[in-house]
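So this one's upload25.pdb, PDB, C-alpha atoms:
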```
ATOM      1  CA  MET A 681     -26.062  -6.419 -33.105
ATOM      2  CA  LEU A 682     -29.578  -5.236 -32.333
ATOM      3  CA  LYS A 683     -30.562  -8.737 -31.213
ATOM      4  CA  ILE A 684     -27.577  -8.898 -28.851
ATOM      5  CA  LEU A 685     -28.459  -5.548 -27.300
ATOM      6  CA  ARG A 686     -32.082  -6.617 -26.943
ATOM      7  CA  LYS A 687     -31.034  -9.821 -25.152
ATOM      8  CA  LYS A 688     -28.768  -7.879 -22.774
ATOM      9  CA  PHE A 689     -31.592  -5.450 -22.004
ATOM     10  CA  VAL A 690     -34.010  -8.311 -21.263
ATOM     11  CA  ARG A 691     -31.449  -9.934 -18.959
ATOM     12  CA  LEU A 692     -30.889  -6.650 -17.161
ATOM     13  CA  ILE A 693     -34.611  -6.121 -16.560
ATOM     14  CA  ALA A 694     -35.014  -9.722 -15.438
ATOM     15  CA  GLY A 695     -32.138  -9.336 -12.987
ATOM     16  CA  LEU A 696     -33.636  -6.183 -11.541
ATOM     17  CA  LEU A 697     -37.033  -7.816 -11.151
ATOM     18  CA  LEU A 698     -35.522 -10.871  -9.481
ATOM     19  CA  GLY A 699     -33.623  -8.622  -7.093
ATOM     20  CA  PHE A 700     -36.790  -6.737  -6.251
ATOM     21  CA  VAL A 701     -38.752  -9.945  -5.679
ATOM     22  CA  ALA A 702     -35.960 -11.418  -3.567
ATOM     23  CA  CYS A 703     -35.773  -8.279  -1.458
ATOM     24  CA  ALA A 704     -39.529  -7.829  -1.009
ATOM     25  CA  PRO A 705     -39.842 -10.283   1.910
ATOM     26  CA  CYS A 706     -36.909  -8.709   3.783
ATOM     27  CA  LEU A 707     -38.438  -5.250   3.376
ATOM     28  CA  ALA A 708     -41.849  -6.433   4.524
ATOM     29  CA  ALA A 709     -40.294  -7.990   7.628
ATOM     30  CA  TYR A 710     -37.769  -5.239   8.356
ATOM     31  CA  PRO A 711     -37.384  -4.494  11.159
ATOM     32  CA  ASP A 712     -38.500  -7.486  13.193
ATOM     33  CA  LYS A 713     -35.689  -7.565  15.778
ATOM     34  CA  PRO A 714     -33.493  -5.074  17.680
ATOM     35  CA  ILE A 715     -31.423  -2.565  15.716
ATOM     36  CA  ARG A 716     -27.992  -1.518  16.944
ATOM     37  CA  ILE A 717     -26.501   1.935  16.295
ATOM     38  CA  VAL A 718     -22.759   1.803  16.942
ATOM     39  CA  THR A 719     -21.013   5.052  17.876
ATOM     40  CA  PRO A 720     -17.214   5.499  17.722
ATOM     41  CA  PHE A 721     -16.885   7.555  20.905
ATOM     42  CA  PRO A 722     -18.113   7.445  24.534
ATOM     43  CA  ALA A 723     -21.479   8.439  25.970
ATOM     44  CA  GLY A 724     -21.845  12.206  25.868
ATOM     45  CA  SER A 725     -19.649  12.580  22.793
ATOM     46  CA  VAL A 726     -20.917  14.269  19.635
ATOM     47  CA  THR A 727     -21.560  10.968  17.853
ATOM     48  CA  ASP A 728     -23.478   9.797  20.909
ATOM     49  CA  ILE A 729     -25.570  12.998  20.846
ATOM     50  CA  VAL A 730     -26.374  12.253  17.196
ATOM     51  CA  ALA A 731     -27.301   8.629  17.847
ATOM     52  CA  ARG A 732     -29.534   8.739  20.922
ATOM     53  CA  PRO A 733     -32.483  10.799  19.617
ATOM     54  CA  MET A 734     -32.447   8.653  16.486
ATOM     55  CA  ALA A 735     -32.553   5.476  18.555
ATOM     56  CA  THR A 736     -35.445   6.718  20.680
ATOM     57  CA  LYS A 737     -37.532   7.871  17.715
ATOM     58  CA  LEU A 738     -36.832   4.784  15.592
ATOM     59  CA  SER A 739     -37.873   2.538  18.458
ATOM     60  CA  GLU A 740     -41.086   4.510  18.944
ATOM     61  CA  ALA A 741     -41.913   4.418  15.233
ATOM     62  CA  TRP A 742     -41.086   0.790  14.517
ATOM     63  CA  GLY A 743     -41.831  -0.875  17.845
ATOM     64  CA  VAL A 744     -38.476  -2.653  18.183
ATOM     65  CA  PRO A 745     -35.587  -1.919  20.558
ATOM     66  CA  VAL A 746     -32.931   0.357  19.059
ATOM     67  CA  ILE A 747     -29.722   0.172  21.065
ATOM     68  CA  VAL A 748     -26.846   2.663  21.096
ATOM     69  CA  ASP A 749     -23.575   0.740  21.359
ATOM     70  CA  ASN A 750     -20.507   2.872  22.211
ATOM     71  CA  ARG A 751     -17.412   1.189  20.752
ATOM     72  CA  THR A 752     -14.432   3.448  21.284
ATOM     73  CA  GLY A 753     -10.870   3.171  20.036
ATOM     74  CA  ALA A 754      -8.487   4.051  17.205
ATOM     75  CA  GLY A 755     -10.352   7.174  16.156
ATOM     76  CA  GLY A 756     -13.470   5.252  15.164
ATOM     77  CA  THR A 757     -11.805   2.238  13.575
ATOM     78  CA  VAL A 758     -13.072  -0.146  16.275
ATOM     79  CA  ALA A 759     -16.681   0.925  15.688
ATOM     80  CA  GLY A 760     -16.208   0.848  11.926
ATOM     81  CA  ASP A 761     -14.886  -2.699  12.077
ATOM     82  CA  VAL A 762     -17.947  -3.884  14.027
ATOM     83  CA  VAL A 763     -20.273  -2.645  11.300
ATOM     84  CA  ALA A 764     -18.040  -3.542   8.356
ATOM     85  CA  LYS A 765     -18.125  -7.197   9.463
ATOM     86  CA  ALA A 766     -21.797  -7.323  10.484
ATOM     87  CA  PRO A 767     -24.431  -9.114   8.374
ATOM     88  CA  PRO A 768     -25.654  -6.769   5.601
ATOM     89  CA  ASP A 769     -29.249  -6.683   6.797
ATOM     90  CA  GLY A 770     -29.757  -3.166   8.193
ATOM     91  CA  TYR A 771     -29.736  -4.231  11.837
ATOM     92  CA  THR A 772     -26.253  -2.868  12.571
ATOM     93  CA  LEU A 773     -25.594   0.789  11.777
ATOM     94  CA  VAL A 774     -22.816   3.203  12.646
ATOM     95  CA  ILE A 775     -22.614   6.964  13.085
ATOM     96  CA  GLY A 776     -19.896   7.751  10.588
ATOM     97  CA  ALA A 777     -17.777  10.878  10.403
ATOM     98  CA  THR A 778     -14.625  12.044   8.628
ATOM     99  CA  GLY A 779     -12.265   9.869  10.643
ATOM    100  CA  LEU A 780     -14.128   6.576  10.448
ATOM    101  CA  ALA A 781     -15.188   6.944   6.823
ATOM    102  CA  ILE A 782     -12.106   8.618   5.323
ATOM    103  CA  VAL A 783      -9.123   9.804   7.341
ATOM    104  CA  ASN A 784      -8.238   6.682   9.341
ATOM    105  CA  ALA A 785      -7.446   4.879   6.091
ATOM    106  CA  LEU A 786      -5.049   7.705   5.208
ATOM    107  CA  ILE A 787      -3.124   7.840   8.478
ATOM    108  CA  TYR A 788      -3.013   4.233   9.728
ATOM    109  CA  SER A 789      -0.618   1.845   7.990
ATOM    110  CA  LYS A 790      -3.053  -1.059   8.437
ATOM    111  CA  MET A 791      -6.831  -1.058   8.581
ATOM    112  CA  PRO A 792      -9.145  -3.995   9.401
ATOM    113  CA  TYR A 793     -11.540  -2.967   6.625
ATOM    114  CA  ASP A 794     -11.629  -1.013   3.358
ATOM    115  CA  SER A 795     -13.465   2.195   4.246
ATOM    116  CA  GLN A 796     -14.381   2.839   0.597
ATOM    117  CA  ARG A 797     -16.094  -0.544   0.205
ATOM    118  CA  ALA A 798     -17.197  -1.576   3.681
ATOM    119  CA  PHE A 799     -20.203   0.701   4.128
ATOM    120  CA  ALA A 800     -23.486   1.628   2.479
ATOM    121  CA  PRO A 801     -24.368   5.312   3.071
ATOM    122  CA  VAL A 802     -27.897   5.814   4.434
ATOM    123  CA  THR A 803     -28.228   9.534   5.171
ATOM    124  CA  MET A 804     -26.390  12.573   6.406
ATOM    125  CA  ALA A 805     -27.573  13.382   9.933
ATOM    126  CA  ALA A 806     -25.870  16.534  11.195
ATOM    127  CA  THR A 807     -23.151  19.056  10.557
ATOM    128  CA  ALA A 808     -21.228  21.285  12.939
ATOM    129  CA  GLY A 809     -18.806  24.109  12.462
ATOM    130  CA  MET A 810     -15.723  24.587  14.565
ATOM    131  CA  MET A 811     -14.510  27.549  16.550
ATOM    132  CA  LEU A 812     -11.022  29.020  16.440
ATOM    133  CA  VAL A 813     -10.500  30.029  20.078
ATOM    134  CA  VAL A 814      -7.608  31.465  22.077
ATOM    135  CA  HIS A 815      -6.887  32.139  25.717
ATOM    136  CA  PRO A 816      -7.717  35.775  26.560
ATOM    137  CA  SER A 817      -4.089  36.433  27.533
ATOM    138  CA  ILE A 818      -2.973  35.876  23.927
ATOM    139  CA  PRO A 819      -2.726  39.230  22.073
ATOM    140  CA  LEU A 820      -5.000  38.204  19.216
ATOM    141  CA  GLN A 821      -8.381  39.804  18.546
ATOM    142  CA  ASN A 822      -9.224  38.189  15.216
ATOM    143  CA  VAL A 823      -8.016  35.784  12.534
ATOM    144  CA  LYS A 824      -6.083  38.495  10.686
ATOM    145  CA  ASP A 825      -4.042  39.129  13.838
ATOM    146  CA  LEU A 826      -3.208  35.416  14.007
ATOM    147  CA  ILE A 827      -2.083  35.352  10.381
ATOM    148  CA  THR A 828       0.019  38.515  10.733
ATOM    149  CA  LEU A 829       1.723  37.533  13.973
ATOM    150  CA  GLY A 830       1.995  33.871  12.987
ATOM    151  CA  LYS A 831       3.900  34.728   9.822
ATOM    152  CA  ARG A 832       6.129  37.154  11.695
ATOM    153  CA  ARG A 833       6.973  34.561  14.365
ATOM    154  CA  PRO A 834       6.789  31.039  12.852
ATOM    155  CA  GLY A 835       6.198  28.290  15.399
ATOM    156  CA  GLN A 836       5.261  30.660  18.214
ATOM    157  CA  PHE A 837       1.738  29.375  18.698
ATOM    158  CA  THR A 838       0.720  25.937  19.914
ATOM    159  CA  TYR A 839      -2.674  24.490  19.101
ATOM    160  CA  GLY A 840      -4.378  21.469  20.549
ATOM    161  CA  SER A 841      -6.537  18.800  18.968
ATOM    162  CA  SER A 842      -8.256  15.600  20.038
ATOM    163  CA  GLY A 843      -5.578  13.550  18.246
ATOM    164  CA  ASN A 844      -3.686  13.127  14.998
ATOM    165  CA  GLY A 845      -6.112  13.031  12.093
ATOM    166  CA  SER A 846      -9.027  14.287  14.193
ATOM    167  CA  THR A 847     -11.349  16.863  12.675
ATOM    168  CA  PRO A 848      -9.827  19.733  14.729
ATOM    169  CA  HIS A 849      -6.358  18.663  13.589
ATOM    170  CA  LEU A 850      -7.479  18.602   9.965
ATOM    171  CA  GLY A 851      -9.060  22.036  10.368
ATOM    172  CA  ALA A 852      -5.786  23.439  11.655
ATOM    173  CA  VAL A 853      -3.713  21.804   8.912
ATOM    174  CA  LEU A 854      -6.089  23.195   6.304
ATOM    175  CA  PHE A 855      -5.665  26.647   7.873
ATOM    176  CA  THR A 856      -1.871  26.493   7.965
ATOM    177  CA  SER A 857      -1.689  25.180   4.398
ATOM    178  CA  MET A 858      -3.892  28.023   3.126
ATOM    179  CA  THR A 859      -2.179  30.805   5.110
ATOM    180  CA  GLY A 860       1.439  29.722   5.402
ATOM    181  CA  VAL A 861       1.310  30.185   9.175
ATOM    182  CA  GLN A 862       3.475  27.661  11.033
ATOM    183  CA  MET A 863       2.148  26.409  14.373
ATOM    184  CA  ILE A 864       3.028  23.557  16.726
ATOM    185  CA  HIS A 865       0.480  20.761  17.058
ATOM    186  CA  VAL A 866      -0.189  19.277  20.514
ATOM    187  CA  PRO A 867      -2.382  16.158  20.161
ATOM    188  CA  TYR A 868      -4.506  15.015  23.088
ATOM    189  CA  LYS A 869      -6.388  11.804  23.735
ATOM    190  CA  GLY A 870      -9.796  13.385  23.294
ATOM    191  CA  GLY A 871     -11.017  16.953  23.469
ATOM    192  CA  SER A 872     -11.903  17.403  27.153
ATOM    193  CA  PRO A 873      -8.391  17.709  28.666
ATOM    194  CA  GLN A 874      -7.360  20.549  26.383
ATOM    195  CA  TYR A 875     -10.606  22.505  26.842
ATOM    196  CA  THR A 876     -11.108  22.010  30.578
ATOM    197  CA  ILE A 877      -7.486  22.292  31.699
ATOM    198  CA  ASP A 878      -4.768  23.528  29.364
ATOM    199  CA  LEU A 879      -6.673  25.912  27.111
ATOM    200  CA  ILE A 880      -8.646  27.780  29.757
ATOM    201  CA  THR A 881      -5.569  28.041  32.014
ATOM    202  CA  GLY A 882      -3.412  29.440  29.220
ATOM    203  CA  ARG A 883      -0.938  26.578  28.996
ATOM    204  CA  LEU A 884      -2.229  25.957  25.482
ATOM    205  CA  GLU A 885      -2.651  29.011  23.291
ATOM    206  CA  LEU A 886      -5.322  28.170  20.753
ATOM    207  CA  ALA A 887      -7.475  25.418  19.307
ATOM    208  CA  PHE A 888      -9.732  24.617  16.377
ATOM    209  CA  ALA A 889     -12.443  23.227  18.596
ATOM    210  CA  SER A 890     -15.779  21.471  18.268
ATOM    211  CA  MET A 891     -18.498  23.903  19.247
ATOM    212  CA  ALA A 892     -20.357  22.079  22.013
ATOM    213  CA  PRO A 893     -17.538  21.853  24.597
ATOM    214  CA  VAL A 894     -16.219  25.405  24.134
ATOM    215  CA  ILE A 895     -19.399  27.486  23.763
ATOM    216  CA  PRO A 896     -19.814  27.812  27.572
ATOM    217  CA  HIS A 897     -16.196  28.977  27.914
ATOM    218  CA  VAL A 898     -16.624  31.529  25.118
ATOM    219  CA  LYS A 899     -19.803  32.913  26.678
ATOM    220  CA  SER A 900     -18.159  33.125  30.108
ATOM    221  CA  GLY A 901     -15.137  34.969  28.708
ATOM    222  CA  ARG A 902     -12.625  32.266  29.611
ATOM    223  CA  LEU A 903     -11.880  31.822  25.882
ATOM    224  CA  ARG A 904     -11.897  34.347  23.045
ATOM    225  CA  LEU A 905     -13.559  33.388  19.764
ATOM    226  CA  LEU A 906     -11.581  34.573  16.724
ATOM    227  CA  GLY A 907     -13.662  33.009  13.961
ATOM    228  CA  THR A 908     -15.886  30.138  12.922
ATOM    229  CA  SER A 909     -14.964  27.529  10.363
ATOM    230  CA  SER A 910     -18.040  27.056   8.165
ATOM    231  CA  ASN A 911     -18.718  28.993   4.988
ATOM    232  CA  LYS A 912     -21.579  30.829   6.745
ATOM    233  CA  ARG A 913     -21.664  32.626  10.083
ATOM    234  CA  ASP A 914     -22.979  30.576  12.961
ATOM    235  CA  PRO A 915     -26.456  31.666  14.114
ATOM    236  CA  GLN A 916     -25.347  31.479  17.760
ATOM    237  CA  PHE A 917     -22.551  34.009  17.070
ATOM    238  CA  PRO A 918     -23.779  36.091  14.121
ATOM    239  CA  GLU A 919     -21.425  38.951  14.975
ATOM    240  CA  VAL A 920     -18.303  36.766  14.615
ATOM    241  CA  PRO A 921     -16.871  36.547  11.059
ATOM    242  CA  THR A 922     -16.024  33.232   9.489
ATOM    243  CA  ILE A 923     -12.375  32.353   8.886
ATOM    244  CA  ALA A 924     -13.084  32.701   5.165
ATOM    245  CA  GLU A 925     -14.291  36.266   5.709
ATOM    246  CA  SER A 926     -11.202  37.065   7.751
ATOM    247  CA  GLY A 927      -8.466  36.711   5.168
ATOM    248  CA  VAL A 928      -8.658  33.022   4.195
ATOM    249  CA  PRO A 929     -11.049  32.945   1.228
ATOM    250  CA  GLY A 930     -12.402  29.495   0.462
ATOM    251  CA  TYR A 931     -11.759  28.103   3.943
ATOM    252  CA  ASP A 932     -14.631  25.791   4.852
ATOM    253  CA  MET A 933     -14.353  23.200   7.578
ATOM    254  CA  ARG A 934     -17.341  21.404   9.012
ATOM    255  CA  SER A 935     -17.680  18.253  11.012
ATOM    256  CA  TRP A 936     -20.314  15.952   9.580
ATOM    257  CA  TYR A 937     -22.080  12.923  10.968
ATOM    258  CA  GLY A 938     -24.144  10.412   9.080
ATOM    259  CA  VAL A 939     -25.609   6.929   9.221
ATOM    260  CA  LEU A 940     -23.814   4.070   7.482
ATOM    261  CA  ALA A 941     -24.940   0.466   7.104
ATOM    262  CA  THR A 942     -22.903  -2.567   6.142
ATOM    263  CA  ALA A 943     -22.088  -2.807   2.430
ATOM    264  CA  GLY A 944     -24.500  -5.133   0.664
ATOM    265  CA  THR A 945     -27.530  -4.102   2.725
ATOM    266  CA  PRO A 946     -30.559  -4.388   0.403
ATOM    267  CA  PRO A 947     -31.416  -1.076  -1.305
ATOM    268  CA  ALA A 948     -35.021  -1.341  -0.139
ATOM    269  CA  VAL A 949     -33.873  -1.502   3.492
ATOM    270  CA  ILE A 950     -31.575   1.475   2.935
ATOM    271  CA  GLU A 951     -34.507   3.376   1.432
ATOM    272  CA  LYS A 952     -36.788   2.534   4.348
ATOM    273  CA  LEU A 953     -34.169   3.627   6.863
ATOM    274  CA  ASN A 954     -33.501   6.795   4.883
ATOM    275  CA  GLY A 955     -37.162   7.788   4.796
ATOM    276  CA  GLU A 956     -37.747   7.253   8.500
ATOM    277  CA  LEU A 957     -34.522   8.985   9.537
ATOM    278  CA  ALA A 958     -35.336  11.976   7.318
ATOM    279  CA  ARG A 959     -38.663  12.295   9.143
ATOM    280  CA  ILE A 960     -36.942  12.038  12.533
ATOM    281  CA  LEU A 961     -34.238  14.575  11.670
ATOM    282  CA  ALA A 962     -36.925  17.112  10.721
ATOM    283  CA  LEU A 963     -38.704  16.877  14.087
ATOM    284  CA  PRO A 964     -38.480  20.134  16.111
ATOM    285  CA  ASP A 965     -37.478  18.397  19.354
ATOM    286  CA  VAL A 966     -34.668  16.489  17.640
ATOM    287  CA  ARG A 967     -33.423  19.637  15.932
ATOM    288  CA  THR A 968     -33.432  21.445  19.277
ATOM    289  CA  LEU A 969     -31.498  18.646  20.995
ATOM    290  CA  TYR A 970     -28.906  18.754  18.247
ATOM    291  CA  LEU A 971     -28.637  22.539  18.379
ATOM    292  CA  VAL A 972     -27.922  22.434  22.116
ATOM    293  CA  GLY A 973     -25.015  20.138  21.248
ATOM    294  CA  GLY A 974     -23.723  22.559  18.622
ATOM    295  CA  LEU A 975     -25.145  20.489  15.762
ATOM    296  CA  HIS A 976     -27.356  21.364  12.819
ATOM    297  CA  ALA A 977     -29.704  18.518  11.922
ATOM    298  CA  THR A 978     -29.919  17.691   8.234
ATOM    299  CA  SER A 979     -30.666  14.767   5.971
ATOM    300  CA  SER A 980     -29.984  13.611   2.435
ATOM    301  CA  SER A 981     -30.671  10.811   0.036
ATOM    302  CA  ALA A 982     -28.320   7.845   0.193
ATOM    303  CA  ALA A 983     -26.885   8.817  -3.196
ATOM    304  CA  GLU A 984     -26.291  12.417  -2.084
ATOM    305  CA  PHE A 985     -24.530  11.203   1.050
ATOM    306  CA  ALA A 986     -22.325   8.853  -0.969
ATOM    307  CA  ALA A 987     -21.350  11.701  -3.303
ATOM    308  CA  TYR A 988     -20.565  13.959  -0.348
ATOM    309  CA  ILE A 989     -18.303  11.342   1.229
ATOM    310  CA  ALA A 990     -16.479  10.946  -2.100
ATOM    311  CA  SER A 991     -15.883  14.704  -2.327
ATOM    312  CA  GLU A 992     -14.673  14.813   1.280
ATOM    313  CA  ARG A 993     -12.300  11.913   0.611
ATOM    314  CA  GLU A 994     -10.710  13.797  -2.264
ATOM    315  CA  LYS A 995     -10.349  16.960  -0.158
ATOM    316  CA  TRP A 996      -8.851  15.367   2.944
ATOM    317  CA  THR A 997      -6.561  13.030   1.043
ATOM    318  CA  LYS A 998      -4.799  16.127  -0.290
ATOM    319  CA  VAL A 999      -4.701  17.795   3.133
ATOM    320  CA  ALA A1000      -3.391  14.681   4.928
ATOM    321  CA  LYS A1001      -0.619  14.217   2.380
ATOM    322  CA  ALA A1002       0.340  17.884   2.401
ATOM    323  CA  GLY A1003       0.426  17.965   6.189
ATOM    324  CA  GLY A1004       2.215  14.620   6.570
ATOM    325  CA  ILE A1005      -0.493  13.453   8.987
ATOM    326  CA  ARG A1006       0.123   9.981  10.398
ATOM    327  CA  ALA A1007      -1.295   8.167  13.401
ATOM    328  CA  GLU A1008       0.907   8.010  16.474
TER     329      GLU A1008
END
```

Entire entry expressed as structure tokens:
Amino acid sequence: MLKILRKKFVRLIAGLLLGFVACAPCLAAYPDKPIRIVTPFPAGSVTDIVARPMATKLSEAWGVPVIVDNRTGAGGTVAGDVVAKAPPDGYTLVIGATGLAIVNALIYSKMPYDSQRAFAPVTMAATAGMMLVVHPSIPLQNVKDLITLGKRRPGQFTYGSSGNGSTPHLGAVLFTSMTGVQMIHVPYKGGSPQYTIDLITGRLELAFASMAPVIPHVKSGRLRLLGTSSNKRDPQFPEVPTIAESGVPGYDMRSWYGVLATAGTPPAVIEKLNGELARILALPDVRTLYLVGGLHATSSSAAEFAAYIASEREKWTKVAKAGGIRAE
């Protein structure tokens, strides 16, 4: 028995050494050609804001072109498919978020790739809370008012989102499931129409909104901020309680954005990317650019990012099933 175990151990070590030797040339050469960062949404979107400073800084550091490639459609599935089917060499990356990495597989009946197996996590890049906002004409001053009136008059309030299964939609479903408040969902094709037209004119009553597009409207008084979605108060609005502080203990909803490579990318390449991106994400100018876009720059090890995605998958699988969320 001892001899068998010893042989297995020797084989394991030999395999690891062979893998290291085989990967050494690719690491020494990487990168020696252009790198592409695919984003699931158009120029100016949050994923685009995440990608562009990275691309600029990576290109400066490594001396190769780093291109941002906006591939929109199906809530991120189009972009995900590009990277899932790319060569696993670290030259094609994607800015992943909840939809692309988790939720699309829960709400679409068919997917062109297996989101649990198609990608190799590289690093977390940014997080962002959401804002629960209402039109000033709505007689709500805080989250407790919404819960009280919403329970008294089920289905009275309509809320918008950027589409079925989007992060704002998930945030609202999590809220309704935790409070018992019934509201009517109005999905849009993207966030801009609801913020720039229906919400600020009062045709739509409230929204769980990404921060960047609504902050100007909150500061101008065209929208009223009831609460923020993270587990800590937002530094831009320290006087505004979180939803968790306002009668929904345990509520925590944050958008997250991270870098994914194609599954099978050599670990050494992942490690090199991770190290350089961690340096970039700590730069003051990058952090400032992100903050202007309502984002908080962060980073993680590849293993930490993989564990976070797994925990998010468990959480949102329950929410999607409970809320009966399906793609249109």

- Message: Using all atoms listed in the file, can you tell me which of A:Val744, A:Leu940, A:Leu738, A:Leu906 comes closest to Pro819 of chain A?
- Response: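 Distance minimum relative to Pro819 of chain A lands on A:Leu906.
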
- Query: Could you spell out the hits of the PyMOL selection byres ((chain A and resi 875) around 12) on the shown file, as a count of residues only?
  - Reply: 39

- Message: Using all atoms listed in the file, can you tell me which of A:Ala948, A:Val972, A:Met791, A:Leu957 comes closest to Asp769 of chain A?
- Response: A:Ala948

- Message: So that I can see what lies close to segment 775-789 of chain A, please list as a list in words the residues with an atom at most 7 Å from it, counting all atoms listed in the file and leaving out residues fewer than 4 positions away in the same chain.
- Response: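 Contacts, in chain order: Val718, Thr719, Thr727, Ala731, Gly755, Gly756, Thr757, Gly760, Ser795, Gly845, Ser846, Trp936, Tyr937, Gly938, Val939, Leu940, Arg993, Thr997, Ile1005, Arg1006 and Ala1007 of chain A.
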
- Query: So, counting all atoms listed in the file, which residue among A:Met810, A:Val746, A:Ala983, A:Leu829 is closest to Ala852 of chain A?
  - Reply: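 Going through A:Met810, A:Val746, A:Ala983, A:Leu829 one by one, the smallest distance to Ala852 of chain A is for A:Met810.
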